[in-house]
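K.L.:
Okay, here's the structure, questions in a sec.
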Amino acid sequence: MFRTAISKAYRTPSLVTAAAMSRGTVGRSASSVIAHRWYSDKTEAATEKKETSDKASETTEPTSISAEEFENIKKASTEKDAKLKELKDAYLRSLADAENIRNRSKTEVENTKVFAIQKFAKDLLDTVDILELALKHVPKEHLADKVANKSLVDLFEGVDMTRGSLLRTLERHGIESFDPIDKPYDPNTSHALYQAPIPGKTPGTVFSVEKRGYVLKGRVLRSAQVGVVLDPSGN
């Protein structure tokens, strides 16, 4: 019975201790076995901790390399840095190209919207020219007598109102007219139909406008058709 108590105490010290306290059947020998077991476990833990520390010390011990190996590592690092720089430059160029394409596409879309009415507007300008030509050929003296020439005056006013309404409609869509009379001739905005020496006029200036010019959002839609003062000396 005593041996059985000792064996149980060796395997489960907590149960033996509790039994000893309740019955008082386990003596000094059981206490000695428990103490011996606790001391053995503590010694083994300390030994294991020391071995782990020794292995860590061996692992962290610096390893020496040759000069050739160092140069190879340095060369590989330099090549890697150069490759990274090359890839970064290529990436930045790709971003810049993509941004340029987006901006160009956006501009083209906006221009398409703005200048979509260009052809239609040119056709309307022919109507404006006809109305202006009709108004220009009405003698002013006939318009002075509004009683005798009432029908002609009413017709003239109606045509003039139609022309003005059409011009205002064009302006709402960004189409504006310009008249280069008495201004220096500009081949970018005007087309010279003829030249003639005009006394008192500066050579190279516009003295007659057959058809006014028009611009659409700053772009010349139609050049003005003009007559230009000729220099009598031929220069």
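The chains in the structure tokens are called A, B, ... from first to last as shown; in each chain the residues are counted from 1, and the ligands are counted from 1 in the order shown.
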Quick one: residues within 10 Å of range 195-209 of chain A, only C-alpha atoms counted, chain neighbours fewer than 3 positions away excluded, as a list in words?

P.N.:
Asp179, Pro180, Ile181, Asp182, Lys183, Pro184, Tyr185, Asp186, Ser190, His191, Ala192, Arg212, Gly213, Ala224, Gln225, Val226, Gly227, Val228, Val229, Leu230, Asp231, Pro232, Ser233, Gly234 and Asn235 of chain A

K.L.:
Mind writing the picked residues with C-alpha atoms as an mmCIF file, in the first residue's frame?

P.N.:
```
data_model
loop_
_atom_site.group_PDB
_atom_site.id
_atom_site.type_symbol
_atom_site.label_atom_id
_atom_site.label_comp_id
_atom_site.auth_asym_id
_atom_site.auth_seq_id
_atom_site.Cartn_x
_atom_site.Cartn_y
_atom_site.Cartn_z
ATOM 1 C CA ASP A 179 -15.344 93.459 -91.542
ATOM 2 C CA PRO A 180 -11.698 94.310 -92.431
ATOM 3 C CA ILE A 181 -12.469 97.600 -94.155
ATOM 4 C CA ASP A 182 -9.607 100.169 -93.888
ATOM 5 C CA LYS A 183 -7.429 97.575 -92.117
ATOM 6 C CA PRO A 184 -4.124 96.136 -93.347
ATOM 7 C CA TYR A 185 -4.682 93.170 -95.620
ATOM 8 C CA ASP A 186 -4.253 89.845 -93.786
ATOM 9 C CA SER A 190 -9.082 87.704 -96.106
ATOM 10 C CA HIS A 191 -8.983 86.841 -99.785
ATOM 11 C CA ALA A 192 -8.020 89.622 -102.214
ATOM 12 C CA ARG A 212 -17.682 89.783 -94.883
ATOM 13 C CA GLY A 213 -15.642 87.103 -93.186
ATOM 14 C CA ALA A 224 -13.551 87.906 -96.264
ATOM 15 C CA GLN A 225 -13.548 88.768 -99.973
ATOM 16 C CA VAL A 226 -11.945 92.164 -100.338
ATOM 17 C CA GLY A 227 -10.322 94.695 -102.621
ATOM 18 C CA VAL A 228 -6.831 95.908 -101.645
ATOM 19 C CA VAL A 229 -5.218 99.296 -102.293
ATOM 20 C CA LEU A 230 -2.405 98.953 -104.833
ATOM 21 C CA ASP A 231 0.863 100.846 -104.424
ATOM 22 C CA PRO A 232 1.247 103.049 -107.534
ATOM 23 C CA SER A 233 4.990 102.442 -107.551
ATOM 24 C CA GLY A 234 4.349 98.703 -107.861
ATOM 25 C CA ASN A 235 5.952 97.795 -104.476
#
```

K.L.:
Go through range 167-227 of chain A and flag each residue having an atom no more than 10 Å from range 128-146 of chain A; for those, report the closest pair of atoms plus their distance in Å to one decimal, using only C-alpha atoms, ordered by chain and rising number, as a Markdown table.

P.N.:
```
| residue | atom | partner | partner_atom | distance |
| --- | --- | --- | --- | --- |
| A:Leu167 | CA | A:Val128 | CA | 7.7 |
| A:Glu210 | CA | A:Leu133 | CA | 9.2 |
| A:Lys211 | CA | A:Asp129 | CA | 7.0 |
| A:Arg212 | CA | A:Asp129 | CA | 8.4 |
```

K.L.:
Do a neighbour search on Leu216 in chain A at 10 Å with only C-alpha atoms, toss out local chain neighbours closer than 3 positions, and write the hits as a ChimeraX atom specification.

P.N.:
/A:114-115,117-118,121,170-171,173-177,219-222

K.L.:
Go ahead and write the selection's residues with all heavy atoms as a compact mmCIF listing (two decimals), in the first residue's frame.

P.N.:
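This went into again_34.txt:
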```txt
# COMPACT_ATOMS: atom_id res chain seq x y z
N VAL A 114 -17.87 71.18 -81.05
CA VAL A 114 -17.92 72.61 -81.36
C VAL A 114 -18.06 72.85 -82.85
O VAL A 114 -18.86 73.68 -83.31
CB VAL A 114 -16.67 73.31 -80.81
CG1 VAL A 114 -16.60 74.75 -81.33
CG2 VAL A 114 -16.68 73.31 -79.30
N PHE A 115 -17.28 72.11 -83.66
CA PHE A 115 -17.24 72.37 -85.10
C PHE A 115 -18.14 71.44 -85.90
O PHE A 115 -18.00 71.33 -87.12
CB PHE A 115 -15.80 72.26 -85.59
CG PHE A 115 -14.87 73.24 -84.95
CD1 PHE A 115 -13.94 72.84 -84.01
CD2 PHE A 115 -14.94 74.59 -85.27
CE1 PHE A 115 -13.09 73.75 -83.41
CE2 PHE A 115 -14.09 75.52 -84.68
CZ PHE A 115 -13.16 75.10 -83.74
N ILE A 117 -21.19 71.92 -86.52
CA ILE A 117 -22.11 72.73 -87.32
C ILE A 117 -21.36 73.53 -88.39
O ILE A 117 -21.97 74.39 -89.04
CB ILE A 117 -22.89 73.69 -86.41
CG1 ILE A 117 -21.94 74.69 -85.73
CG2 ILE A 117 -23.70 72.94 -85.37
CD1 ILE A 117 -22.64 75.81 -85.00
N GLN A 118 -20.09 73.27 -88.58
CA GLN A 118 -19.28 74.08 -89.51
C GLN A 118 -19.86 74.06 -90.93
O GLN A 118 -20.03 75.11 -91.56
CB GLN A 118 -17.83 73.58 -89.50
CG GLN A 118 -16.90 74.40 -90.38
CD GLN A 118 -15.44 74.04 -90.14
OE1 GLN A 118 -15.08 73.56 -89.08
NE2 GLN A 118 -14.62 74.26 -91.14
N ALA A 121 -23.20 75.78 -91.07
CA ALA A 121 -23.05 77.23 -90.93
C ALA A 121 -22.60 77.87 -92.25
O ALA A 121 -23.07 78.95 -92.62
CB ALA A 121 -22.05 77.55 -89.82
N LEU A 170 -26.61 82.78 -85.51
CA LEU A 170 -25.23 82.29 -85.73
C LEU A 170 -24.32 82.65 -84.55
O LEU A 170 -23.48 81.85 -84.14
CB LEU A 170 -24.67 82.88 -87.04
CG LEU A 170 -25.35 82.41 -88.33
CD1 LEU A 170 -24.80 83.17 -89.53
CD2 LEU A 170 -25.15 80.91 -88.53
N GLU A 171 -24.51 83.84 -84.01
CA GLU A 171 -23.69 84.28 -82.88
C GLU A 171 -23.92 83.41 -81.65
O GLU A 171 -22.99 83.15 -80.88
CB GLU A 171 -23.97 85.75 -82.56
CG GLU A 171 -23.41 86.72 -83.59
CD GLU A 171 -23.76 88.16 -83.27
OE1 GLU A 171 -24.48 88.36 -82.26
OE2 GLU A 171 -23.34 89.06 -84.01
N HIS A 173 -24.33 80.39 -81.60
CA HIS A 173 -23.58 79.15 -81.81
C HIS A 173 -22.09 79.39 -82.04
O HIS A 173 -21.39 78.52 -82.53
CB HIS A 173 -24.18 78.39 -82.99
CG HIS A 173 -25.56 77.85 -82.74
ND1 HIS A 173 -25.79 76.67 -82.06
CD2 HIS A 173 -26.79 78.37 -83.02
CE1 HIS A 173 -27.10 76.46 -81.97
NE2 HIS A 173 -27.72 77.47 -82.53
N GLY A 174 -21.62 80.59 -81.67
CA GLY A 174 -20.19 80.89 -81.72
C GLY A 174 -19.69 81.38 -83.06
O GLY A 174 -18.47 81.42 -83.28
N ILE A 175 -20.60 81.75 -83.96
CA ILE A 175 -20.19 82.23 -85.29
C ILE A 175 -20.33 83.75 -85.32
O ILE A 175 -21.43 84.29 -85.11
CB ILE A 175 -21.05 81.59 -86.40
CG1 ILE A 175 -20.93 80.06 -86.32
CG2 ILE A 175 -20.63 82.08 -87.78
CD1 ILE A 175 -21.92 79.34 -87.19
N GLU A 176 -19.23 84.44 -85.59
CA GLU A 176 -19.23 85.90 -85.60
C GLU A 176 -18.63 86.41 -86.92
O GLU A 176 -17.74 85.78 -87.50
CB GLU A 176 -18.41 86.45 -84.42
CG GLU A 176 -18.97 86.04 -83.06
CD GLU A 176 -18.12 86.57 -81.93
OE1 GLU A 176 -17.03 87.12 -82.22
OE2 GLU A 176 -18.52 86.42 -80.77
N SER A 177 -19.15 87.54 -87.36
CA SER A 177 -18.66 88.14 -88.60
C SER A 177 -17.61 89.20 -88.30
O SER A 177 -17.54 89.73 -87.18
CB SER A 177 -19.83 88.77 -89.37
OG SER A 177 -20.37 89.86 -88.62
N ARG A 219 -11.75 80.20 -85.05
CA ARG A 219 -11.22 79.62 -86.28
C ARG A 219 -11.94 80.25 -87.48
O ARG A 219 -13.16 80.42 -87.46
CB ARG A 219 -11.44 78.11 -86.28
CG ARG A 219 -10.96 77.42 -87.55
CD ARG A 219 -11.37 75.97 -87.57
NE ARG A 219 -10.75 75.21 -86.50
CZ ARG A 219 -10.90 73.89 -86.35
NH1 ARG A 219 -11.69 73.21 -87.19
NH2 ARG A 219 -10.31 73.27 -85.35
N VAL A 220 -11.17 80.60 -88.51
CA VAL A 220 -11.76 81.23 -89.69
C VAL A 220 -12.70 80.25 -90.38
O VAL A 220 -12.27 79.18 -90.84
CB VAL A 220 -10.67 81.71 -90.67
CG1 VAL A 220 -11.30 82.30 -91.92
CG2 VAL A 220 -9.79 82.76 -89.99
N LEU A 221 -13.97 80.61 -90.42
CA LEU A 221 -14.96 79.78 -91.10
C LEU A 221 -15.01 80.12 -92.59
O LEU A 221 -15.12 79.22 -93.43
CB LEU A 221 -16.33 79.98 -90.45
CG LEU A 221 -17.48 79.16 -91.01
CD1 LEU A 221 -17.22 77.67 -90.81
CD2 LEU A 221 -18.80 79.56 -90.32
N ARG A 222 -14.95 81.40 -92.88
CA ARG A 222 -14.88 81.85 -94.27
C ARG A 222 -14.11 83.15 -94.34
O ARG A 222 -14.35 84.08 -93.57
CB ARG A 222 -16.29 82.05 -94.85
CG ARG A 222 -16.28 82.29 -96.35
CD ARG A 222 -17.63 82.71 -96.87
NE ARG A 222 -17.94 84.09 -96.50
CZ ARG A 222 -19.08 84.69 -96.83
NH1 ARG A 222 -20.02 84.04 -97.47
NH2 ARG A 222 -19.30 85.94 -96.47
```
